[in-house]
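Data file: start_30.tsv. Format and content: TSV, C-alpha atoms.
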chain	number	residue	atom	x	y	z
G	147	MET	CA	113.07	-344.96	-12.83
G	148	GLU	CA	115.38	-346.75	-15.24
G	149	PHE	CA	118.50	-344.65	-15.82
G	150	LYS	CA	121.84	-345.80	-17.20
G	151	ASN	CA	123.83	-343.71	-14.70
G	152	ASP	CA	123.55	-340.90	-12.14
G	153	VAL	CA	124.20	-338.19	-14.74
G	154	GLU	CA	121.21	-339.35	-16.75
G	155	ALA	CA	119.16	-339.48	-13.53
G	156	LEU	CA	120.11	-335.87	-12.70
G	157	ASP	CA	118.98	-334.84	-16.17
G	158	GLY	CA	115.69	-336.56	-15.36
G	159	LEU	CA	115.41	-334.57	-12.13
G	160	ARG	CA	115.92	-331.29	-13.98
G	161	ARG	CA	113.12	-332.20	-16.41
G	162	LYS	CA	110.82	-333.14	-13.50
G	163	PHE	CA	111.59	-329.81	-11.84
G	164	GLU	CA	110.56	-327.94	-14.99
G	165	GLU	CA	107.38	-330.01	-15.27
G	166	LEU	CA	106.48	-329.34	-11.63
G	167	LYS	CA	107.16	-325.63	-11.94
G	168	ASN	CA	105.15	-325.31	-15.17
G	169	GLU	CA	102.19	-327.08	-13.57
G	170	ILE	CA	102.28	-324.90	-10.42
G	171	THR	CA	102.55	-321.64	-12.39
G	172	LYS	CA	99.26	-322.46	-14.12
G	173	VAL	CA	97.64	-321.46	-10.82
G	174	ILE	CA	100.25	-319.40	-8.93
G	175	TYR	CA	101.55	-316.24	-10.61
G	176	GLY	CA	104.51	-314.00	-9.76
G	177	GLN	CA	106.03	-316.30	-7.12
G	178	ASP	CA	108.64	-318.14	-9.20
G	179	GLU	CA	111.41	-317.79	-6.61
G	180	VAL	CA	109.16	-319.03	-3.80
G	181	ILE	CA	108.06	-322.04	-5.90
G	182	THR	CA	111.71	-322.88	-6.64
G	183	GLN	CA	112.63	-322.76	-2.93
G	184	VAL	CA	109.70	-324.97	-1.94
G	185	LEU	CA	110.71	-327.56	-4.55
G	186	VAL	CA	114.38	-327.37	-3.48
G	187	SER	CA	113.28	-328.08	0.09
G	188	LEU	CA	111.06	-330.99	-1.02
G	189	PHE	CA	113.93	-332.77	-2.81
G	190	SER	CA	116.34	-331.93	0.04
G	191	ARG	CA	114.10	-333.66	2.64
G	192	GLY	CA	113.50	-330.31	4.32
G	193	HIS	CA	110.45	-328.43	5.59
G	194	VAL	CA	109.31	-324.91	4.70
G	195	LEU	CA	107.81	-322.04	6.70
G	196	LEU	CA	105.91	-319.63	4.42
G	197	ILE	CA	105.47	-316.17	5.93
G	198	GLY	CA	103.30	-313.48	4.38
G	199	VAL	CA	100.31	-311.22	4.89
G	200	PRO	CA	96.83	-312.63	4.16
G	201	GLY	CA	95.80	-313.06	0.54
G	202	LEU	CA	99.18	-313.92	-1.00
G	203	ALA	CA	98.11	-317.47	-1.92
G	204	LYS	CA	100.22	-319.27	0.70
G	205	THR	CA	97.57	-321.93	1.29
G	206	LEU	CA	96.68	-322.12	-2.42
G	207	MET	CA	100.34	-322.74	-3.26
G	208	VAL	CA	100.53	-325.69	-0.86
G	209	THR	CA	97.26	-327.24	-2.04
G	210	THR	CA	98.37	-326.81	-5.68
G	211	ILE	CA	101.68	-328.56	-4.95
G	212	ALA	CA	99.79	-331.36	-3.18
G	213	LYS	CA	97.59	-331.90	-6.26
G	214	ILE	CA	100.53	-332.37	-8.64
G	215	LEU	CA	102.36	-334.75	-6.30
G	216	ASP	CA	100.88	-338.25	-6.19
G	217	LEU	CA	100.98	-338.29	-2.38
G	218	LYS	CA	98.66	-338.38	0.62
G	219	TYR	CA	97.93	-334.81	1.75
G	220	ASN	CA	96.36	-333.46	4.95
G	221	ARG	CA	95.65	-329.90	5.99
G	222	ILE	CA	95.68	-329.01	9.69
G	223	GLN	CA	94.15	-325.66	10.64
G	224	PHE	CA	96.00	-324.58	13.77
G	225	THR	CA	93.81	-322.88	16.37
G	226	PRO	CA	94.32	-321.88	20.03
G	227	ASP	CA	92.25	-324.84	21.26
G	228	LEU	CA	94.05	-327.49	19.16
G	229	MET	CA	95.50	-330.31	21.29
G	230	PRO	CA	98.50	-332.58	20.47
G	231	SER	CA	96.17	-335.59	20.21
G	232	ASP	CA	94.18	-333.73	17.52
G	233	ILE	CA	97.15	-333.95	15.14
G	234	ILE	CA	99.02	-337.06	16.36
G	235	GLY	CA	96.05	-339.30	17.08
G	236	THR	CA	94.47	-340.83	20.15
G	237	GLU	CA	93.64	-344.14	21.81
G	238	ILE	CA	90.08	-345.38	21.91
G	239	LEU	CA	88.43	-348.39	23.54
G	240	ASP	CA	87.12	-350.61	20.76
G	241	GLN	CA	84.17	-353.02	20.88
G	242	ASP	CA	86.43	-355.80	22.19
G	243	ARG	CA	87.43	-353.57	25.13
G	244	GLN	CA	90.95	-353.25	23.75
G	245	PHE	CA	92.74	-349.95	23.35
G	246	LYS	CA	93.23	-349.05	19.71
G	247	PHE	CA	95.31	-346.16	18.37
G	248	ILE	CA	93.55	-344.01	15.79
G	249	LYS	CA	96.08	-342.15	13.66
G	250	GLY	CA	95.73	-338.39	13.35
G	251	PRO	CA	96.20	-336.14	10.29
G	252	LEU	CA	99.98	-336.05	10.81
G	253	PHE	CA	100.12	-339.51	9.20
G	254	ALA	CA	100.43	-338.29	5.60
G	255	ASN	CA	103.16	-337.41	3.09
G	256	ILE	CA	102.44	-333.68	2.81
G	257	ILE	CA	101.20	-331.71	5.80
G	258	LEU	CA	99.89	-328.16	5.52
G	259	ALA	CA	100.23	-326.63	9.00
G	260	ASP	CA	98.04	-323.59	8.36
G	261	GLU	CA	98.68	-320.58	10.63
G	262	ILE	CA	101.07	-322.59	12.78
G	263	ASN	CA	101.65	-319.69	15.18
G	264	ARG	CA	97.98	-319.70	16.26
G	265	THR	CA	98.34	-322.80	18.45
G	266	PRO	CA	100.01	-323.02	21.90
G	267	PRO	CA	103.57	-324.35	22.35
G	268	LYS	CA	102.30	-327.71	23.65
G	269	THR	CA	100.70	-328.48	20.29
G	270	GLN	CA	103.50	-326.87	18.27
G	271	SER	CA	105.99	-329.18	20.01
G	272	ALA	CA	104.01	-332.23	18.85
G	273	LEU	CA	105.38	-331.49	15.38
G	274	LEU	CA	109.03	-331.49	16.49
G	275	GLU	CA	109.59	-335.25	16.60
G	276	ALA	CA	107.70	-335.78	13.35
G	277	MET	CA	109.73	-333.11	11.51
G	278	GLN	CA	113.11	-334.28	12.79
G	279	GLU	CA	112.76	-338.04	13.23
G	280	ARG	CA	110.02	-338.78	10.67
G	281	ALA	CA	108.34	-340.67	13.49
G	282	ILE	CA	105.71	-340.15	16.19
G	283	THR	CA	105.61	-341.50	19.74
G	284	ALA	CA	102.07	-341.97	21.03
G	285	ALA	CA	100.47	-344.25	23.60
G	286	GLY	CA	103.91	-345.61	24.45
G	287	GLN	CA	104.53	-346.73	20.89
G	288	ARG	CA	106.74	-345.37	18.13
G	289	PHE	CA	105.17	-345.04	14.70
G	290	GLU	CA	107.35	-344.48	11.64
G	291	LEU	CA	105.98	-341.97	9.15
G	292	GLU	CA	105.85	-342.89	5.48
G	293	ASN	CA	108.47	-341.35	3.18
G	294	PRO	CA	108.48	-338.78	1.73
G	295	PHE	CA	107.31	-336.60	4.62
G	296	PHE	CA	107.11	-332.86	4.02
G	297	VAL	CA	105.72	-330.12	6.30
G	298	LEU	CA	104.68	-326.79	4.78
G	299	ALA	CA	103.66	-324.31	7.46
G	300	THR	CA	102.14	-320.87	6.95
G	301	GLN	CA	102.37	-317.90	9.26
G	302	ASN	CA	100.86	-314.41	9.26
G	303	PRO	CA	103.46	-311.84	10.42
G	304	ILE	CA	101.15	-308.86	11.02
G	305	GLU	CA	98.37	-310.33	13.13
G	306	GLN	CA	99.80	-310.66	16.63
G	307	GLU	CA	96.63	-311.03	18.70
G	308	GLY	CA	96.03	-314.64	19.68
G	309	THR	CA	99.34	-315.90	18.29
G	310	TYR	CA	102.23	-317.82	19.87
G	311	PRO	CA	105.68	-317.14	18.35
G	312	LEU	CA	107.49	-320.29	17.26
G	313	PRO	CA	110.39	-321.21	19.59
G	314	GLU	CA	113.90	-321.20	18.12
G	315	ALA	CA	114.16	-325.00	18.48
G	316	GLN	CA	111.16	-325.46	16.21
G	317	LEU	CA	112.21	-322.76	13.75
G	318	ASP	CA	115.51	-324.62	13.36
G	319	ARG	CA	113.60	-327.68	12.10
G	320	PHE	CA	112.49	-325.74	9.04
G	321	MET	CA	115.03	-325.81	6.23
G	322	PHE	CA	113.67	-322.62	4.67
G	323	SER	CA	111.86	-319.60	6.02
G	324	VAL	CA	110.38	-317.97	2.92
G	325	TRP	CA	108.83	-314.49	2.90
G	326	LEU	CA	106.10	-313.92	0.32
G	327	ASP	CA	105.82	-310.39	-0.99
G	328	TYR	CA	103.00	-308.66	-2.85
G	329	PRO	CA	102.84	-309.62	-6.55
G	330	LYS	CA	103.99	-307.23	-9.26
G	331	TYR	CA	101.28	-305.07	-10.81
G	332	GLU	CA	101.25	-307.03	-14.08
G	333	ASP	CA	101.01	-310.34	-12.21
G	334	GLU	CA	98.16	-309.01	-10.09
G	335	ILE	CA	96.26	-308.09	-13.27
G	336	THR	CA	96.59	-311.73	-14.42
G	337	ILE	CA	95.61	-313.06	-10.98
G	338	VAL	CA	92.45	-310.94	-10.80
G	339	LYS	CA	91.51	-311.68	-14.42
G	340	ASN	CA	91.78	-315.45	-13.97
G	341	THR	CA	90.23	-315.72	-10.52
G	342	THR	CA	87.18	-313.58	-11.29
G	343	SER	CA	86.18	-315.66	-14.31
G	344	ASN	CA	85.13	-319.29	-14.71
G	345	LEU	CA	88.59	-320.31	-15.92
G	346	GLN	CA	89.48	-323.80	-14.64
G	347	PHE	CA	92.87	-325.53	-14.60
G	348	ASP	CA	93.07	-329.31	-14.77
G	349	LEU	CA	96.18	-330.13	-12.71
G	350	GLN	CA	97.78	-333.50	-13.31
G	351	PRO	CA	100.07	-335.46	-10.95
G	352	VAL	CA	103.64	-335.09	-12.19
G	353	ILE	CA	105.70	-337.22	-9.81
G	354	THR	CA	105.13	-340.12	-7.41
G	355	GLY	CA	106.37	-340.59	-3.87
G	356	LYS	CA	108.71	-343.36	-5.02
G	357	GLU	CA	110.30	-341.01	-7.56
G	358	ILE	CA	110.71	-338.26	-4.96
G	359	VAL	CA	112.52	-340.64	-2.57
G	360	PHE	CA	114.75	-341.82	-5.46
G	361	TYR	CA	115.74	-338.23	-6.30
G	362	GLN	CA	116.24	-337.35	-2.62
G	363	ASP	CA	118.76	-340.21	-2.35
G	364	LEU	CA	120.36	-339.25	-5.66
G	365	ILE	CA	120.98	-335.65	-4.53
G	366	ARG	CA	122.99	-336.87	-1.54
G	367	LYS	CA	125.32	-338.70	-3.95
G	368	ILE	CA	126.20	-335.47	-5.81
G	369	PRO	CA	129.90	-334.63	-5.25
G	370	ILE	CA	130.88	-331.23	-3.85
G	371	ASN	CA	134.26	-329.53	-4.10
G	372	ASP	CA	136.09	-328.82	-0.85
G	373	ASN	CA	136.18	-325.07	-1.52
G	374	VAL	CA	132.37	-324.97	-1.86
G	375	LEU	CA	131.91	-327.11	1.26
G	376	ASN	CA	134.32	-324.86	3.19
G	377	TYR	CA	132.46	-321.77	1.97
G	378	ALA	CA	129.11	-323.14	3.20
G	379	VAL	CA	130.43	-324.12	6.65
G	380	SER	CA	132.38	-320.86	6.93
G	381	LEU	CA	129.25	-318.84	6.07
G	382	ALA	CA	127.32	-320.50	8.92
G	383	ALA	CA	130.28	-320.05	11.31
G	384	LYS	CA	130.48	-316.33	10.46
G	385	THR	CA	127.02	-315.85	12.01
G	386	ARG	CA	128.23	-316.94	15.46
G	387	PRO	CA	129.45	-314.07	17.63
G	388	GLY	CA	132.42	-314.56	19.93
G	389	ASN	CA	133.70	-317.86	18.51
G	390	GLY	CA	136.71	-316.51	16.63
G	391	LYS	CA	135.09	-317.16	13.23
G	392	GLY	CA	132.40	-314.50	13.51
G	393	ALA	CA	132.61	-311.53	11.15
G	394	ALA	CA	132.90	-307.97	12.48
G	395	ILE	CA	129.24	-307.26	11.69
G	396	THR	CA	128.28	-310.45	13.57
G	397	ASN	CA	130.07	-309.47	16.77
G	398	GLN	CA	128.54	-306.02	16.52
G	399	TYR	CA	124.91	-306.84	15.78
G	400	LEU	CA	124.11	-310.49	16.54
G	401	LYS	CA	123.22	-312.16	19.83
G	402	TRP	CA	123.01	-315.70	18.48
G	403	GLY	CA	124.07	-317.44	15.29
G	404	ALA	CA	123.12	-320.43	13.16
G	405	GLY	CA	123.99	-323.95	14.34
G	406	PRO	CA	125.46	-326.92	12.44
G	407	ARG	CA	122.04	-327.76	10.96
G	408	ALA	CA	122.38	-324.56	8.90
G	409	SER	CA	125.70	-325.82	7.47
G	410	GLN	CA	124.08	-329.13	6.54
G	411	TYR	CA	121.15	-327.40	4.85
G	412	LEU	CA	123.45	-325.00	2.98
G	413	VAL	CA	125.29	-327.96	1.45
G	414	ILE	CA	122.28	-330.15	0.63
G	415	GLY	CA	120.31	-327.11	-0.56
G	416	ALA	CA	123.18	-326.11	-2.87
G	417	LYS	CA	123.32	-329.65	-4.28
G	418	THR	CA	119.58	-329.64	-5.01
G	419	HIS	CA	119.67	-326.11	-6.47
G	420	ALA	CA	122.54	-327.13	-8.75
G	421	ALA	CA	120.79	-330.32	-9.90
G	422	MET	CA	117.61	-328.40	-10.73
G	423	HIS	CA	119.58	-325.97	-12.89
G	424	GLY	CA	121.48	-328.50	-14.97
G	425	LYS	CA	124.71	-328.70	-12.94
G	426	TYR	CA	126.31	-331.93	-11.78
G	427	SER	CA	128.12	-330.36	-8.82
G	428	PRO	CA	127.23	-327.23	-6.81
G	429	ASP	CA	129.31	-324.05	-6.81
G	430	ILE	CA	129.39	-321.05	-4.47
G	431	GLU	CA	126.58	-319.42	-6.46
G	432	ASP	CA	124.28	-322.31	-5.50
G	433	VAL	CA	125.15	-321.85	-1.81
G	434	THR	CA	124.35	-318.13	-1.92
G	435	ALA	CA	121.08	-318.86	-3.80
G	436	VAL	CA	119.70	-320.75	-0.78
G	437	ALA	CA	121.57	-318.94	2.01
G	438	HIS	CA	119.08	-316.16	2.78
G	439	SER	CA	116.11	-318.49	3.37
G	440	ILE	CA	118.24	-320.90	5.42
G	441	LEU	CA	119.92	-318.34	7.67
G	442	GLN	CA	117.32	-315.63	8.26
G	443	HIS	CA	115.30	-317.53	10.88
G	444	ARG	CA	118.38	-318.95	12.62
G	445	ILE	CA	120.16	-315.76	13.68
G	446	ILE	CA	119.00	-313.39	16.40
G	447	LYS	CA	119.80	-309.69	16.45
G	448	ASN	CA	120.98	-307.88	19.57
G	449	TYR	CA	119.65	-304.62	21.00
G	450	LYS	CA	122.15	-302.51	19.06
G	451	ALA	CA	120.89	-303.88	15.73
G	452	GLU	CA	117.31	-303.13	16.75
G	453	ALA	CA	118.23	-299.60	17.81
G	454	GLU	CA	120.09	-298.89	14.56
G	455	ASN	CA	117.36	-300.52	12.43
G	456	ILE	CA	119.75	-303.13	10.98
G	457	SER	CA	117.77	-306.02	9.48
G	458	VAL	CA	118.73	-309.70	9.44
G	459	MET	CA	118.77	-309.60	5.64
G	460	ASP	CA	121.26	-306.71	5.71
G	461	ILE	CA	123.57	-308.78	7.91
G	462	ILE	CA	123.28	-311.88	5.70
G	463	LYS	CA	124.04	-309.84	2.56
G	464	GLU	CA	127.14	-308.47	4.23
G	465	LEU	CA	128.28	-311.96	5.28
G	466	ILE	CA	127.77	-313.34	1.78
Have the structure of the file written as C-alpha cells, please.
Amino acid sequence: MEFKNDVEALDGLRRKFEELKNEITKVIYGQDEVITQVLVSLFSRGHVLLIGVPGLAKTLMVTTIAKILDLKYNRIQFTPDLMPSDIIGTEILDQDRQFKFIKGPLFANIILADEINRTPPKTQSALLEAMQERAITAAGQRFELENPFFVLATQNPIEQEGTYPLPEAQLDRFMFSVWLDYPKYEDEITIVKNTTSNLQFDLQPVITGKEIVFYQDLIRKIPINDNVLNYAVSLAAKTRPGNGKGAAITNQYLKWGAGPRASQYLVIGAKTHAAMHGKYSPDIEDVTAVAHSILQHRIIKNYKAEAENISVMDIIKELI
C-alpha cells in the first residue's frame, strides 16, 4: 500500500473496484448495479440487506464476493429455532472446571445472514451490537470484532409464512436495502448456458483485509463541498413529516422519515461512489446514485399512501 499521496491512492481504489467487479461478473450476470452497491457499502463500512425472490443468486453473490476477498467468511442460516448463543457463542466448562467462551460464527470478517427474517426478534437483536459497535458482549465480557466487519443479509419478500419482519431499529443498521429484480432475457440465456454445463471459474482473491481498512480510512478523508453536504442532509430532512423541512409529498404520504444515520450514509456513500468512478470529490449526482437504497427502508408510508397505491420509490424520486 505504498502511494505517494491520497490522489494516487484513490486511483488505486478505482482500479481495485474494477478488478473486484470483473471477478464477480465472471459468476454473476445482469446484476451490475447491485454489485456496485454492495462494493460501495463494503468500502463505506456499511452493511447490506439483499431482498429478492428465490433463485436470483443472492446467496451466490455473497459467497462469490467472499471468495475474492482475502477474509474470514461465515454463513449463518437463520431458522425459527436459532438462538442468540448459536451465532454469538457460548460458555462451556472445560476439563479444568473453568468456564471458557467458545466464539460463534459471528466472529468473522464477512457474515452471510441468510434469510434473516426467518429467525425470531431475540436472535435478530443479537446482531444489533455487532453491526453497530463492531463488538459483542457475551458472558459478561466485551469482545471486539476484527476489522473489516461486513454483514450481508438476504431476505425473501414473498414468503410470509414462518417469517418475522425486521424491526425498524435493525433495518436502520443496514446502509443499503437492495432489491434484486429478475435478470434480462439475454442475461438469463447466459446464466442458463453457463450453469447447465461443466464450465468452471477459478476465482482469485483480489484484495486483503488490510487494504480494505486502508481504503475505508482513505474515503473518510475525501473532501466534500458544502453544497453537496447540504443537499445530502436536506434530502434526509425532507423525508421527515411535520418538522418544517418536510416536502409537501412527505407531509401528505409519510408517517415517519429517515434519521441522522441516513444523512451520514448519504455523505459517506457519495464519497465512495465518487472514488470508485474516478472522482476526487463527490457531487450531487453521487448522492442521488446511492439515495434510493439508503432511504427506501428508512421511511414509512401512512394509510393515505397505501390507499392511493403510492410507493416509497415514487416518493423518493419526487424528493430527489
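If only C-alpha atoms are the atoms counted, then among G:Gln410, G:Gln301, G:Asn373, G:Thr385 the closest residue to Gly201 in chain G is G:Gln301.
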Checklist line | G:Asp157, G:His443, G:Tyr175, G:Arg243 ranked by distance to Glu334 in chain G, top pick (using only C-alpha atoms) | finding: G:Tyr175
Next item on the list: Skip Ile282 in chain G itself and residues of its chain fewer than 6 positions away, then list as JSON, numbers by chain all residues within 10 Å of it, counting only C-alpha atoms.
Entry: {"G": [234, 235, 252, 253, 272, 273, 274, 275, 276, 288, 289, 290, 291]}
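When all atoms listed in the file are used to compute distances to Pro303 in chain G, the closest of the residues G:Ile262, G:Ile174, G:Leu159, G:Val186 turns out to be G:Ile262.
Nearest-residue note for Asn255 in chain G: choosing from G:Ile358, G:Leu166, G:Ala284, G:Leu185, the minimum distance belongs to G:Ile358, counting all atoms listed in the file.
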Checklist line | Residue with smallest distance to Gln183 in chain G - pool G:Gly415, G:Pro230, G:Pro428, G:Gly250, counting only C-alpha atoms | finding: G:Gly415
Item checked: Neighbour list for Leu317 in chain G as a PyMOL selection string, cut-off 10 Å, all atoms listed in the file, skip fewer than 6 positions in-chain -> chain G and resi 194-195+274+311+323+443-444
Margin query: Neighbouring residues of range 463-466 of chain G were defined as those with any atom within 12 Å, considering only C-alpha atoms; residues of the same chain fewer than 5 positions away were excluded. Please report them as a PyMOL selection string.
Written below: chain G and resi 377-378+380-386+391-397+399+430-431+433-439+441-442+456-458
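Candidate residues G:His419, G:His193, G:Arg264, G:Lys339 were compared for distance to Glu179 in chain G, and the nearest is G:His419, using all atoms listed in the file.
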Item checked: Interatomic distance (Å, one decimal) between CA of Glu292 in chain G and CA of Ala254 in chain G -> 7.1 Å
Notebook entry, point to check: So which residues touch Ala259 in chain G within 8 Å, counting only C-alpha atoms, skipping near sequence neighbours fewer than 3 positions away, as JSON, numbers by chain?
Noted result: {"G": [221, 222, 223, 224, 262, 297, 298, 299, 300]}
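From CA of Ala285 in chain G back to CA of Phe247 in chain G, the distance works out to 7.6 Å.
Coordinates place CA of Val173 in chain G at a distance of 24.5 Å from CA of Arg191 in chain G.
Within a radius of 8 Å around (92.8, -322.5, 13.9), the polymer residues are G:Gln223, G:Phe224, G:Thr225, G:Pro226, G:Asp227, G:Leu228, G:Asp260, G:Glu261, G:Arg264, G:Thr265, counting only C-alpha atoms.
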Mind working out the centre and edge lengths of an axis-aligned box for range 442-445 of chain G, all listed atoms inside, 3 Å added to each side, rounded to one decimal in Å and written as JSON?
{"center_x": 117.7, "center_y": -317.3, "center_z": 11.0, "size_x": 10.9, "size_y": 9.3, "size_z": 11.4}
Notebook entry, point to check: Pro313 in chain G: which residues within 10 Å, counting all atoms listed in the file, same-chain residues fewer than 2 positions away excluded, as a PyMOL selection string?
Noted result: chain G and resi 263+267+270-271+310-311+315-318
